[in-house]
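Colleague: Could you have a look at this structure, given as structure tokens, before my questions?
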Amino acid sequence: MNRRQPRRTLFLAVQTAAGLLGLAMAVLGAWLILLGGTVYYLVAGLLLLTGCAAAWSGRHGGAIGAGGLALLLTAIWAMEEIAGKGWMPAWGFDLAGRIGLPAALVIGSITILSFPADRRWDRELAIVGGAALLAAGAGLALFWERPTTPHDAVAAARGPADTDWTAFGGTNAGMRYSPATQITPTNVGGLREAWRFHTGDLPPDGDRLFFSAQNTPLKVGDTLYLCSARNRVFALDPATGREKWRYEPRIAPRALESTFSVACRAVGYHANAAAPAGAACAARVFVAVADGRLVALDARTGRACTGFGRGGTVDLTRRMGLDEPGHASSNSGPAVIGDMVIVGQQVSDNQRRDAPSGVVRAYDATTGALRWAWDAKRPDARAPLPPGATWPEGTPNVWNVISGDAGLGLVLLATGNAGNDHWGGNRDPEDDRFSSAVVAVDLATGATRWVFRTVERDRFDYDLGAQPVLTTIPVGGVLRRVVVQGTKTGSLFVLDAATGLPVRPVAYRPAPGGGMPGDRLSPVQPQSVAYPNLSGRPGADPEQIDARHAFGLTPIDAAWCRIQFHRMRYEGIYTPPTDRGMGTLLFPGTIGGLNWGGLAIDPVRGIVVTNHSRLPNRVKLFPRAAVAAPAIGDGGRRPDQAVAPQKGAPWAVDRPMWLSPLGVPCIAPPWGYLAATDLATGRLLWSQPFGTGRDSGPLGLPSMLRIPIGTPNLGGAVTTATDLSFIAATQDDYIRAYETASGRLLWSARLPAGGQASAMTYMHRGRQYVAISATGHARFETRPGDALIVYALP
């Protein structure tokens, strides 16, 4: 047998692979040039094809030369592009995607030719393979995420022996801060799982769509209150997780099947100071059920408080008009402010202009009587509805967590859009006035005190997902009570709590025009300029991308993403939707920027901790008449719709994430950040990629690499008096602890499912606990679960 034959066969196999790669690059590169894109892919592809032809004709030197030129060109082009667009924290992944496959093929060819032809290659293969494994291992070890140990010892300070967590954000102010001091940067590495509780609420087999509890439990006195995706409520012992009682709401299956998001982010809690000690329902837990019920439960026994509404229930579907089960539901839970239970609701996006009302209602916490109903089109929130009338249709809704201050008599609403997100030619002035806005209403009357719009004439689905936060900061040497609002567009707006006027500068900057026929766009859009923008890469302005930001794991999918970029309309943030080409590139995308996890503020250090995603959407409009899918209420069920119908508008809409054929984002990483900002000065203290590729990867397969690439994230942090921030939220299944002031990772723990929830912490009988719900999130493709995990020091 000819000893040269195996080497030649292997060499030709590698060169054939390089030639096929070159052919694909050349074809896609020619298309790119026609679209006005880079010539790199065509030139590099032709070089690889030339090398393949030379190899088959026996000119090995020519093959290596052509491949070497292609690799050199690739390296120069990659470095020039990465430098030109600005070095990102995860630039190594971008470089590897550009160079990796061509380098492997060219270097592999050279290596094969360097092997002796007249004997076996065992030794050479062992050396090359060992060197490659050593280099890969060294690289992984260098970038592998691991907690660090603080250099300075921090002793546990004297703090409260017991603390409560009485609302989603700790209190109705929403700061997500705890005065607990037992866990410090020095000892946080010793945290261990203390107990876990399983709700039994797992998604139906084969149907995970929109199913996620996302719950932050409440801790009041000697009980922890938890709700599950199906709105079951559990009362647990805070020290052991022992179940005290549970409530089964028995939701109709149809309501769960149609609901846009099956979640229960929080329950509400109210204690009646005037009730006799030990009396039934002196303290109550409120849960908003997905089928449209607001239920009051005795906090001690879990039994219905029969004096509330009818037998313990208020029907939230009354006077709503369209009552398709699940079309509207209060998945962020009721807020209890003073003696009022205040309920907003999400309404399924882009179904119809005459969607259920965005009305926000306040009920007496004892009797369940309706006290007021705020809506964009109701000038008097206490005026009764005429007989047979319904709440106004399709008005801006409040789907996220409601904040407030009983002392100020203030309720803070962060609104979404009027019915149909991406075309507003038939919206009324009131719809645009109150869309994507922070609205302060009077606790007693529901009257509007002030309104601040974070987007003008929103046609982008930049609704407010983050909870408004009340805090106190120095302004001009004077302490001011302010509202801090994070947005999907990355702004941190700081508003005077009494007037709604910005206390930090806001600039109104020109926005792209050229909307769809019949629509009305705003020529300017507001941006907070005193703080870093957190819509993409943290910086002074919203990040603007170009074709150089397109990403792929191989040159083929990278070129495909570039072709898509050139076929979309994109003129920066606020580029309006279109029906042309592949539509509009929406960046930031519909999940933000900042979403419902919101902000965590350390009021002692004056630091706000934020997590945000960096992931664009493709938004394409289609003539309404060409879309057959019926809207919810006309027989449609949202999971079955390929294109959202937007009934009542001339255009239906499709808005998937911008992904490559391998299911990887078409924008170079990081795809998520964690950051800290000084509220007093506006200085960005630190930012870093947030989340690793441990549980995600191409074609939905986990990479198993715990390297901080930055992932999309949903959920929020909690800060403590000892300079710690705890957060889960990412696509990898971990909860982490960071040093708030520096951003150093100090501790992490593996979760049994996705942690798309907001963490909390509490003291109970002298011991500090950290809790996170691990229930996963279908849209993030994280593992489903039903657990509440609680950690403590041994």
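Just remember, in the structure tokens the first chain shown is A, the second B, etc., residues are 1-based per chain, and ligands are 1-based in the order shown.
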So that I can see what lies close to Ile709 of chain A, please list as a PyMOL selection string the residues with an atom at most 7 Å from it, counting only C-alpha atoms and leaving out residues fewer than 4 positions away in the same chain.
Modeller: chain A and resi 90+669-670+689+691-693
Colleague: For Ile563 of chain A, work out the shell of residues within 8 Å, counting only C-alpha atoms and skipping chain neighbours fewer than 3 positions away, then give it as a list in words.
Modeller: Leu28, Trp31, Leu32, Leu35, Ala559, Trp560, His566 and Arg567 of chain A
Colleague: Those same residues - C-alpha atoms - I'd like them written as a PDB file, in the first residue's frame.
Modeller:
ATOM      1  CA  LEU A  28     -23.254  34.920  -0.253  1.00  0.00           C
ATOM      2  CA  TRP A  31     -25.175  38.843  -2.882  1.00  0.00           C
ATOM      3  CA  LEU A  32     -23.720  41.088  -0.178  1.00  0.00           C
ATOM      4  CA  LEU A  35     -26.693  44.929  -1.380  1.00  0.00           C
ATOM      5  CA  ALA A 559     -22.771  36.319   6.014  1.00  0.00           C
ATOM      6  CA  TRP A 560     -26.447  35.331   6.136  1.00  0.00           C
ATOM      7  CA  HIS A 566     -28.757  45.017   4.546  1.00  0.00           C
ATOM      8  CA  ARG A 567     -32.305  43.977   3.648  1.00  0.00           C
TER       9      ARG A 567
END
Colleague: Taking only residues of segment 525-592 of chain A that have an atom at most 10 Å from an atom of segment 475-499 of chain A, what is each one's shortest atom pair and its distance in Å to one decimal, using only C-alpha atoms, in chain and number order, as CSV?
Modeller:
residue,atom,partner,partner_atom,distance
A:Pro526,CA,A:Ser491,CA,8.9
A:Gln527,CA,A:Ser491,CA,6.2
A:Ser528,CA,A:Ser491,CA,5.4
A:Val529,CA,A:Ser491,CA,8.1
A:Ala530,CA,A:Leu492,CA,8.5
A:Tyr531,CA,A:Leu492,CA,6.5
A:Pro532,CA,A:Ser491,CA,7.5
A:Asn533,CA,A:Gly490,CA,4.9
A:Leu534,CA,A:Gly490,CA,3.9
A:Ser535,CA,A:Gly490,CA,3.9
A:Gly536,CA,A:Gly490,CA,7.5
A:Arg537,CA,A:Gly490,CA,9.8
A:Pro538,CA,A:Gly490,CA,8.6
A:Gly539,CA,A:Gly490,CA,9.8
A:Asp541,CA,A:Gly490,CA,9.1
A:Pro542,CA,A:Gly490,CA,7.1
A:Glu543,CA,A:Gly490,CA,9.6
A:Ile573,CA,A:Thr489,CA,8.1
A:Tyr574,CA,A:Thr489,CA,9.1
A:Phe587,CA,A:Thr489,CA,8.7
A:Pro588,CA,A:Thr489,CA,6.4
A:Gly589,CA,A:Lys488,CA,7.9
A:Thr590,CA,A:Lys488,CA,7.5
A:Ile591,CA,A:Lys488,CA,6.8
A:Gly592,CA,A:Lys488,CA,4.0
Colleague: Using the selection just defined, write its residues with N, CA, C and O atoms as an mmCIF file, in the first residue's frame.
Modeller:
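Wrote it out as part-v4.cif, contents follow:
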data_model
loop_
_atom_site.group_PDB
_atom_site.id
_atom_site.type_symbol
_atom_site.label_atom_id
_atom_site.label_comp_id
_atom_site.auth_asym_id
_atom_site.auth_seq_id
_atom_site.Cartn_x
_atom_site.Cartn_y
_atom_site.Cartn_z
ATOM 1 N N PRO A 526 -37.461 61.349 23.855
ATOM 2 C CA PRO A 526 -36.711 61.738 25.051
ATOM 3 C C PRO A 526 -35.602 60.754 25.385
ATOM 4 O O PRO A 526 -35.725 59.551 25.167
ATOM 5 N N GLN A 527 -34.514 61.299 25.911
ATOM 6 C CA GLN A 527 -33.416 60.469 26.410
ATOM 7 C C GLN A 527 -32.850 61.111 27.659
ATOM 8 O O GLN A 527 -32.572 62.316 27.683
ATOM 9 N N SER A 528 -32.695 60.310 28.700
ATOM 10 C CA SER A 528 -32.022 60.778 29.901
ATOM 11 C C SER A 528 -30.530 60.879 29.599
ATOM 12 O O SER A 528 -29.913 59.902 29.180
ATOM 13 N N VAL A 529 -29.961 62.066 29.786
ATOM 14 C CA VAL A 529 -28.563 62.280 29.407
ATOM 15 C C VAL A 529 -27.649 62.421 30.621
ATOM 16 O O VAL A 529 -26.445 62.629 30.462
ATOM 17 N N ALA A 530 -28.197 62.304 31.814
ATOM 18 C CA ALA A 530 -27.367 62.405 33.017
ATOM 19 C C ALA A 530 -26.806 61.053 33.433
ATOM 20 O O ALA A 530 -25.895 60.989 34.266
ATOM 21 N N TYR A 531 -27.353 59.972 32.891
ATOM 22 C CA TYR A 531 -26.953 58.623 33.269
ATOM 23 C C TYR A 531 -26.567 57.836 32.019
ATOM 24 O O TYR A 531 -26.985 58.172 30.904
ATOM 25 N N PRO A 532 -25.787 56.780 32.167
ATOM 26 C CA PRO A 532 -25.450 55.955 30.988
ATOM 27 C C PRO A 532 -26.700 55.323 30.410
ATOM 28 O O PRO A 532 -27.644 54.999 31.134
ATOM 29 N N ASN A 533 -26.711 55.167 29.097
ATOM 30 C CA ASN A 533 -27.817 54.478 28.460
ATOM 31 C C ASN A 533 -27.586 52.982 28.547
ATOM 32 O O ASN A 533 -26.487 52.488 28.284
ATOM 33 N N LEU A 534 -28.633 52.239 28.901
ATOM 34 C CA LEU A 534 -28.521 50.808 29.175
ATOM 35 C C LEU A 534 -29.388 49.995 28.216
ATOM 36 O O LEU A 534 -29.991 49.004 28.599
ATOM 37 N N SER A 535 -29.431 50.417 26.959
ATOM 38 C CA SER A 535 -30.200 49.661 25.968
ATOM 39 C C SER A 535 -29.354 48.639 25.239
ATOM 40 O O SER A 535 -29.871 47.681 24.675
ATOM 41 N N GLY A 536 -28.044 48.845 25.214
ATOM 42 C CA GLY A 536 -27.116 47.924 24.571
ATOM 43 C C GLY A 536 -25.820 47.950 25.350
ATOM 44 O O GLY A 536 -25.809 47.726 26.558
ATOM 45 N N ARG A 537 -24.731 48.270 24.676
ATOM 46 C CA ARG A 537 -23.486 48.474 25.390
ATOM 47 C C ARG A 537 -23.615 49.749 26.209
ATOM 48 O O ARG A 537 -23.937 50.810 25.668
ATOM 49 N N PRO A 538 -23.418 49.698 27.540
ATOM 50 C CA PRO A 538 -23.594 50.906 28.355
ATOM 51 C C PRO A 538 -22.714 52.047 27.866
ATOM 52 O O PRO A 538 -21.517 51.872 27.607
ATOM 53 N N GLY A 539 -23.316 53.210 27.693
ATOM 54 C CA GLY A 539 -22.590 54.376 27.204
ATOM 55 C C GLY A 539 -23.439 55.613 27.308
ATOM 56 O O GLY A 539 -24.574 55.584 27.801
ATOM 57 N N ASP A 541 -24.855 57.339 24.935
ATOM 58 C CA ASP A 541 -25.991 57.343 24.019
ATOM 59 C C ASP A 541 -26.441 55.919 23.738
ATOM 60 O O ASP A 541 -25.671 54.971 23.926
ATOM 61 N N PRO A 542 -27.669 55.765 23.247
ATOM 62 C CA PRO A 542 -28.091 54.424 22.832
ATOM 63 C C PRO A 542 -27.133 53.870 21.787
ATOM 64 O O PRO A 542 -26.704 54.578 20.876
ATOM 65 N N GLU A 543 -26.786 52.598 21.937
ATOM 66 C CA GLU A 543 -25.854 51.980 20.999
ATOM 67 C C GLU A 543 -26.478 51.899 19.613
ATOM 68 O O GLU A 543 -27.635 51.492 19.460
ATOM 69 N N ILE A 573 -32.041 53.723 16.922
ATOM 70 C CA ILE A 573 -33.206 53.543 17.793
ATOM 71 C C ILE A 573 -34.387 54.363 17.253
ATOM 72 O O ILE A 573 -34.203 55.425 16.669
ATOM 73 N N TYR A 574 -35.576 53.825 17.405
ATOM 74 C CA TYR A 574 -36.839 54.423 16.966
ATOM 75 C C TYR A 574 -37.031 54.372 15.450
ATOM 76 O O TYR A 574 -37.836 55.121 14.907
ATOM 77 N N PHE A 587 -33.826 47.774 17.487
ATOM 78 C CA PHE A 587 -32.758 47.643 18.473
ATOM 79 C C PHE A 587 -32.700 48.908 19.315
ATOM 80 O O PHE A 587 -32.480 49.975 18.762
ATOM 81 N N PRO A 588 -32.913 48.807 20.629
ATOM 82 C CA PRO A 588 -33.140 47.589 21.412
ATOM 83 C C PRO A 588 -34.435 46.888 21.026
ATOM 84 O O PRO A 588 -35.351 47.508 20.501
ATOM 85 N N GLY A 589 -34.471 45.586 21.342
ATOM 86 C CA GLY A 589 -35.619 44.781 20.970
ATOM 87 C C GLY A 589 -36.766 44.907 21.949
ATOM 88 O O GLY A 589 -36.751 45.722 22.878
ATOM 89 N N THR A 590 -37.769 44.073 21.758
ATOM 90 C CA THR A 590 -38.989 44.186 22.556
ATOM 91 C C THR A 590 -38.803 43.778 24.007
ATOM 92 O O THR A 590 -39.642 44.101 24.850
ATOM 93 N N ILE A 591 -37.699 43.047 24.341
ATOM 94 C CA ILE A 591 -37.467 42.749 25.756
ATOM 95 C C ILE A 591 -36.517 43.762 26.388
ATOM 96 O O ILE A 591 -36.212 43.675 27.571
ATOM 97 N N GLY A 592 -36.070 44.730 25.596
ATOM 98 C CA GLY A 592 -35.216 45.774 26.147
ATOM 99 C C GLY A 592 -33.758 45.483 25.835
ATOM 100 O O GLY A 592 -33.430 44.558 25.098
#
Colleague: Just the strand (DSSP E) stuff from segment 94-200 of chain A, please, per backbone DSSP, written as a PyMOL selection string.
Modeller: chain A and resi 177-178+192-198
Colleague: Save out the residues we just selected, N, CA and C atoms, as a PDB file, in the first residue's frame.
Modeller:
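Written file, part.pdb:
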ATOM      1  N   TYR A 177     -34.206  46.467  48.360  1.00  0.00           N
ATOM      2  CA  TYR A 177     -33.066  46.629  49.278  1.00  0.00           C
ATOM      3  C   TYR A 177     -33.429  46.024  50.623  1.00  0.00           C
ATOM      4  N   SER A 178     -32.421  45.395  51.262  1.00  0.00           N
ATOM      5  CA  SER A 178     -32.637  44.818  52.589  1.00  0.00           C
ATOM      6  C   SER A 178     -31.583  45.339  53.556  1.00  0.00           C
ATOM      7  N   ARG A 192     -25.103  28.010  51.597  1.00  0.00           N
ATOM      8  CA  ARG A 192     -25.520  26.673  51.184  1.00  0.00           C
ATOM      9  C   ARG A 192     -27.045  26.635  51.115  1.00  0.00           C
ATOM     10  N   GLU A 193     -27.550  25.700  50.357  1.00  0.00           N
ATOM     11  CA  GLU A 193     -29.000  25.556  50.298  1.00  0.00           C
ATOM     12  C   GLU A 193     -29.534  25.154  51.665  1.00  0.00           C
ATOM     13  N   ALA A 194     -30.477  25.950  52.182  1.00  0.00           N
ATOM     14  CA  ALA A 194     -31.078  25.662  53.481  1.00  0.00           C
ATOM     15  C   ALA A 194     -32.313  24.774  53.325  1.00  0.00           C
ATOM     16  N   TRP A 195     -33.129  25.073  52.316  1.00  0.00           N
ATOM     17  CA  TRP A 195     -34.292  24.239  52.030  1.00  0.00           C
ATOM     18  C   TRP A 195     -34.842  24.608  50.649  1.00  0.00           C
ATOM     19  N   ARG A 196     -35.665  23.744  50.110  1.00  0.00           N
ATOM     20  CA  ARG A 196     -36.373  24.052  48.875  1.00  0.00           C
ATOM     21  C   ARG A 196     -37.801  23.548  48.972  1.00  0.00           C
ATOM     22  N   PHE A 197     -38.685  24.199  48.233  1.00  0.00           N
ATOM     23  CA  PHE A 197     -40.094  23.831  48.240  1.00  0.00           C
ATOM     24  C   PHE A 197     -40.557  23.689  46.801  1.00  0.00           C
ATOM     25  N   HIS A 198     -41.295  22.608  46.523  1.00  0.00           N
ATOM     26  CA  HIS A 198     -41.828  22.367  45.186  1.00  0.00           C
ATOM     27  C   HIS A 198     -43.335  22.615  45.179  1.00  0.00           C
TER      28      HIS A 198
END
Colleague: As a ChimeraX atom specification, please: the residues near segment 179-184 of chain A (cut-off 10 Å, only C-alpha atoms, same-chain neighbours under 3 positions excluded).
Modeller: /A:153-163,187-191,602,604,719-724,739,746,761-763,766-770,792-793
Colleague: Limited to N, CA and C atoms, could you put the picked residues into a file as an mmCIF file, in the first residue's frame?
Modeller:
data_model
loop_
_atom_site.group_PDB
_atom_site.id
_atom_site.type_symbol
_atom_site.label_atom_id
_atom_site.label_comp_id
_atom_site.auth_asym_id
_atom_site.auth_seq_id
_atom_site.Cartn_x
_atom_site.Cartn_y
_atom_site.Cartn_z
ATOM 1 N N ALA A 153 -11.338 41.737 54.801
ATOM 2 C CA ALA A 153 -12.326 41.049 55.628
ATOM 3 C C ALA A 153 -13.438 42.011 56.011
ATOM 4 N N VAL A 154 -14.672 41.565 55.860
ATOM 5 C CA VAL A 154 -15.829 42.372 56.239
ATOM 6 C C VAL A 154 -16.604 41.598 57.289
ATOM 7 N N ALA A 155 -16.618 42.096 58.488
ATOM 8 C CA ALA A 155 -17.305 41.408 59.574
ATOM 9 C C ALA A 155 -18.807 41.666 59.503
ATOM 10 N N ALA A 156 -19.576 40.674 59.908
ATOM 11 C CA ALA A 156 -21.024 40.856 59.983
ATOM 12 C C ALA A 156 -21.349 41.896 61.044
ATOM 13 N N ALA A 157 -22.091 42.927 60.636
ATOM 14 C CA ALA A 157 -22.435 44.006 61.562
ATOM 15 C C ALA A 157 -23.726 43.676 62.291
ATOM 16 N N ARG A 158 -23.938 44.390 63.382
ATOM 17 C CA ARG A 158 -25.196 44.209 64.109
ATOM 18 C C ARG A 158 -26.334 44.759 63.256
ATOM 19 N N GLY A 159 -27.323 43.962 63.040
ATOM 20 C CA GLY A 159 -28.464 44.367 62.233
ATOM 21 C C GLY A 159 -29.744 43.806 62.819
ATOM 22 N N PRO A 160 -30.843 44.003 62.153
ATOM 23 C CA PRO A 160 -32.122 43.505 62.678
ATOM 24 C C PRO A 160 -32.156 41.983 62.712
ATOM 25 N N ALA A 161 -32.774 41.432 63.750
ATOM 26 C CA ALA A 161 -32.901 39.976 63.858
ATOM 27 C C ALA A 161 -33.992 39.443 62.948
ATOM 28 N N ASP A 162 -34.963 40.282 62.628
ATOM 29 C CA ASP A 162 -36.039 39.900 61.718
ATOM 30 C C ASP A 162 -36.329 41.057 60.771
ATOM 31 N N THR A 163 -36.546 40.729 59.527
ATOM 32 C CA THR A 163 -36.983 41.724 58.551
ATOM 33 C C THR A 163 -38.134 41.143 57.754
ATOM 34 N N ASN A 187 -18.139 36.311 53.946
ATOM 35 C CA ASN A 187 -18.677 34.978 54.238
ATOM 36 C C ASN A 187 -19.691 34.474 53.211
ATOM 37 N N VAL A 188 -20.029 35.288 52.191
ATOM 38 C CA VAL A 188 -21.061 34.879 51.246
ATOM 39 C C VAL A 188 -20.675 33.590 50.506
ATOM 40 N N GLY A 189 -19.369 33.338 50.377
ATOM 41 C CA GLY A 189 -18.933 32.107 49.733
ATOM 42 C C GLY A 189 -19.347 30.858 50.477
ATOM 43 N N GLY A 190 -19.752 31.006 51.742
ATOM 44 C CA GLY A 190 -20.189 29.857 52.524
ATOM 45 C C GLY A 190 -21.668 29.565 52.427
ATOM 46 N N LEU A 191 -22.417 30.318 51.623
ATOM 47 C CA LEU A 191 -23.854 30.061 51.493
ATOM 48 C C LEU A 191 -24.123 28.653 50.984
ATOM 49 N N ASP A 602 -29.310 50.533 46.238
ATOM 50 C CA ASP A 602 -28.681 50.568 47.558
ATOM 51 C C ASP A 602 -28.725 52.023 48.017
ATOM 52 N N VAL A 604 -27.948 53.452 50.813
ATOM 53 C CA VAL A 604 -26.834 53.892 51.647
ATOM 54 C C VAL A 604 -25.670 54.335 50.769
ATOM 55 N N THR A 719 -30.350 44.184 46.684
ATOM 56 C CA THR A 719 -29.131 44.680 47.318
ATOM 57 C C THR A 719 -29.291 44.609 48.829
ATOM 58 N N THR A 720 -28.152 44.550 49.539
ATOM 59 C CA THR A 720 -28.187 44.475 50.998
ATOM 60 C C THR A 720 -27.283 45.539 51.602
ATOM 61 N N ALA A 721 -27.427 45.737 52.895
ATOM 62 C CA ALA A 721 -26.649 46.742 53.616
ATOM 63 C C ALA A 721 -25.162 46.425 53.641
ATOM 64 N N THR A 722 -24.796 45.182 53.325
ATOM 65 C CA THR A 722 -23.382 44.778 53.391
ATOM 66 C C THR A 722 -22.714 44.787 52.020
ATOM 67 N N ASP A 723 -23.213 45.606 51.091
ATOM 68 C CA ASP A 723 -22.574 45.784 49.787
ATOM 69 C C ASP A 723 -22.665 44.526 48.931
ATOM 70 N N LEU A 724 -23.778 43.801 49.026
ATOM 71 C CA LEU A 724 -23.995 42.612 48.211
ATOM 72 C C LEU A 724 -25.209 42.804 47.307
ATOM 73 N N GLU A 739 -20.323 41.906 44.589
ATOM 74 C CA GLU A 739 -20.042 43.061 45.427
ATOM 75 C C GLU A 739 -20.609 44.283 44.705
ATOM 76 N N LEU A 746 -18.736 37.053 43.776
ATOM 77 C CA LEU A 746 -18.267 36.472 45.034
ATOM 78 C C LEU A 746 -18.823 35.079 45.304
ATOM 79 N N THR A 761 -34.313 38.673 49.965
ATOM 80 C CA THR A 761 -33.617 38.194 51.158
ATOM 81 C C THR A 761 -34.368 38.674 52.390
ATOM 82 N N TYR A 762 -34.230 37.925 53.496
ATOM 83 C CA TYR A 762 -34.917 38.292 54.728
ATOM 84 C C TYR A 762 -34.165 37.723 55.921
ATOM 85 N N MET A 763 -34.373 38.359 57.078
ATOM 86 C CA MET A 763 -33.889 37.846 58.358
ATOM 87 C C MET A 763 -35.049 37.181 59.081
ATOM 88 N N GLY A 766 -32.850 35.773 63.625
ATOM 89 C CA GLY A 766 -31.412 35.950 63.687
ATOM 90 C C GLY A 766 -30.621 35.310 62.574
ATOM 91 N N ARG A 767 -31.294 34.725 61.579
ATOM 92 C CA ARG A 767 -30.587 34.096 60.465
ATOM 93 C C ARG A 767 -31.055 34.716 59.158
ATOM 94 N N GLN A 768 -30.096 34.999 58.274
ATOM 95 C CA GLN A 768 -30.431 35.610 56.986
ATOM 96 C C GLN A 768 -30.572 34.540 55.912
ATOM 97 N N TYR A 769 -31.613 34.697 55.092
ATOM 98 C CA TYR A 769 -31.912 33.766 54.009
ATOM 99 C C TYR A 769 -31.981 34.532 52.686
ATOM 100 N N VAL A 770 -31.608 33.862 51.608
ATOM 101 C CA VAL A 770 -31.725 34.400 50.247
ATOM 102 C C VAL A 770 -32.602 33.440 49.459
ATOM 103 N N ALA A 792 -28.741 29.889 52.990
ATOM 104 C CA ALA A 792 -28.330 30.528 54.241
ATOM 105 C C ALA A 792 -26.920 30.067 54.580
ATOM 106 N N LEU A 793 -26.284 30.762 55.496
ATOM 107 C CA LEU A 793 -24.989 30.306 55.994
ATOM 108 C C LEU A 793 -25.184 29.086 56.873
#
Colleague: Using only C-alpha atoms, determine which residues lie at most 7 Å from Ser436 of chain A, disregarding the query and same-chain residues fewer than 6 positions distant; provide the list as a ChimeraX atom specification.
Modeller: /A:414-417,453-455,458,462-464
Colleague: Which distance in Å separates atom CA of Val347 of chain A and atom CA of Ala328 of chain A, to one decimal?
Modeller: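 The value is 4.4 Å.
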Colleague: For Phe726 of chain A, find every residue with an atom within 8 Å (counting only C-alpha atoms), except residues of its own chain fewer than 2 positions away, and show them as a ChimeraX atom specification.
Modeller: /A:717-719,724,728,735-738,759-760
Colleague: Take the selection from the previous step and output its residues with C-alpha atoms, as an mmCIF file, in the first residue's frame.
Modeller:
data_model
loop_
_atom_site.group_PDB
_atom_site.id
_atom_site.type_symbol
_atom_site.label_atom_id
_atom_site.label_comp_id
_atom_site.auth_asym_id
_atom_site.auth_seq_id
_atom_site.Cartn_x
_atom_site.Cartn_y
_atom_site.Cartn_z
ATOM 1 C CA ALA A 717 -31.535 41.896 41.807
ATOM 2 C CA VAL A 718 -31.733 42.555 45.531
ATOM 3 C CA THR A 719 -29.131 44.680 47.318
ATOM 4 C CA LEU A 724 -23.995 42.612 48.211
ATOM 5 C CA ALA A 728 -30.370 35.076 38.869
ATOM 6 C CA ILE A 735 -27.945 32.570 41.117
ATOM 7 C CA ARG A 736 -24.982 34.855 41.821
ATOM 8 C CA ALA A 737 -23.787 37.310 44.442
ATOM 9 C CA TYR A 738 -21.775 40.370 43.444
ATOM 10 C CA ALA A 759 -34.375 37.400 44.160
ATOM 11 C CA MET A 760 -35.186 38.511 47.721
#
